[in-house]
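K.L.:
So that we are looking at the same thing, I have put the structure below in structure tokens.
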Amino acid sequence: MNIYQTLDRRSALKGITLGAGAAVLQPFVNALGAEAAGIAPPQRFIFLLESNGLYPRHIQPKGVDSDKRKAEKLADLSLKDLELPDTISPLAPFKDRMGIIQKLSHKVSGGGDHGKGYGGLGCFNWRRGIVGQTIDHALATAQPCIIPVVGLGVAPNADAVFANSVSASGPKRPTSIMCQPDIAFQSLFGSVAEGDAAKVYNSRNKLLDWIRSDIRRVQNELPGMDREKLDIYLDTFEQMRTRQGKIATIKDRLQANTPAIDKFNSRATTERFEAQCAIAVAALASRLTNVVTIDAACGIGQYHTWTELGVDKDGHAIGHMAGQPAQEQYSVPIRKFHAQRVAALAKRLDAIPEGNGTVLDNTLIVWMSDSGEEHHGFCGEWPMVLIGNLGGRLKTDGRFLQYPAWQERGDQIPGHRTIANFYLALLHAVGDRREQFGERDRNLKGTDQSGPLAEILT
């Protein structure tokens, strides 16, 4: 693009007038202007917390030894040469952009019980309540946005509206997790309808029509190079209104389909989960936020019965089947469904152009548990799967990292690291160079708990 094209593009973007959809469209148009001025896009984060433990075996590549007694040094392997287990096979299309990290401990969050609440994204014992900031808010502070953190949840009780469960901006300052997709949508995008218009456009479908009509009007005022980006942004809202929302060609992208089931009004767990993921992408694409936290349980001791997946036992019963072959029968379909949601998030973000790449190129999806490695997680390890590399700031693409394991007794093996070290790596990646996050684990003698996880930083 030559300088004249750049100046024309910037002038055109400045001259755009917005109507009722200004609250939704202005951040997006501002982002296009920043891109035209050569300003790098922000780094985005999605934290997806699966309840009831994320079993290490479910994300361990086939043929890789996971024995704690033998894990005395860092294993750094290429995923290209490894086969993913069936439980996370939906992530295979993103194998070269994903990372798997095993055996980081998080004992400071508090062992036992059925979840760690704020201690999972924070680094403090959950039993003490909210005594500090969680990592999602720390990352949001480093990159200020209209909404610091968007909290979305999928509660077992389909009637639950809000939950205070995993995210906090500071001591005794919880972030409400919105459990109803309809309410989440209205909270984030409902400001386009004000006054008398709110009475006319108070239904979600009409509100979506309002937003889409304003987007189409702005589309005519945009320089040609930005119209495709707005097309895909528009499709984010189309996806909310239709059951069939897959990306097609540009001309097909705007065609509406009649929904067979409205996921935004559904009581089914799987439908609500998919709706919340659609909202997460919309919130990031619209530049309303840079950080989304999705809580799959909405509280310690909250359990789903995944009947839509053919599972007739609740999560609590499944968790107490540790060591029994039947546990796999029930837990694998649930784990695979979560992997499908992570893959869908990545696919959707990868379809949104940004700069010389896509939004996924500047995003990190962190899939982990709110309870460590088991139903009664004692947090000697806290498995996680990552998608994305924050615009090259992280070296996580196509890597399997297994750190020296936490030791039950005695001094820790040199090289053992913690979730705090991982969180510090994320903070360093967005320019926050602090060397300590949260509280230190007093039981980790001989373990370096300060500074970032150097292996994943560029």
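Letters A, B, ... mark the chains of the structure tokens in the order given; residue numbers begin at 1 per chain; ligand numbers begin at 1, in order shown.
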If you run DSSP on this backbone, which residues of segment 239-414 of chain A come out as strand (DSSP E), and could you give them as a list in words?

P.N.:
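Selection result, strand (DSSP E) within segment 239-414 of chain A: Val291, Val292, Thr293, Ile294, Asp295, Pro353, Glu354, Gly357, Thr358, Thr363, Leu364, Ile365, Val366, Trp367, Met368, Ser369, Met384, Val385, Leu386, Ile387, Arg399, Phe400, Leu401 and Gln402 of chain A.
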
K.L.:
So which residues touch Arg97 of chain A within 12 Å, counting only C-alpha atoms, skipping near sequence neighbours fewer than 4 positions away, as number ranges by chain?

P.N.:
A: 78-80, 91-93, 343, 346-347, 350, 360-365, 385-392, 394-400

K.L.:
For a quick check of understanding, using only C-alpha atoms, which of A:Gly357, A:Pro383, A:Gly377, A:Gly315 has the smallest distance to Leu401 of chain A?

P.N.:
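Going through A:Gly357, A:Pro383, A:Gly377, A:Gly315 one by one, the smallest distance to Leu401 of chain A is for A:Pro383.
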
K.L.:
Closest to Ser331 of chain A among A:Leu453, A:Cys179, A:Ile318, A:Leu188, using only C-alpha atoms?

P.N.:
A:Ile318

K.L.:
Env of Ile334 of chain A: 9 Å cut, atoms = only C-alpha atoms, seq-sep filter 4 positions within chain, self excluded. Answer as a VMD selection string.

P.N.:
chain A and resid 87 306 309 311 330 338 to 339

K.L.:
From the set A:Leu349, A:Ile413, A:Ile456, A:Leu49, which residue has the shortest atom-to-atom contact distance to Gly372 of chain A, counting only C-alpha atoms?

P.N.:
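Of the candidates, the smallest distance to Gly372 of chain A is held by A:Leu49.
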
K.L.:
Counting only C-alpha atoms, figure out which residue out of A:Ala158, A:Ala184, A:Ala75, A:Ile300 gets nearest to Ile100 of chain A.

P.N.:
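Of all the options, A:Ala75 lies closest to Ile100 of chain A.
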
K.L.:
One decimal, Å: what's the distance from atom CA of Arg442 of chain A over to atom CA of Val366 of chain A, could you say?

P.N.:
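Separating atom CA of Arg442 of chain A from atom CA of Val366 of chain A is a distance of 26.3 Å.
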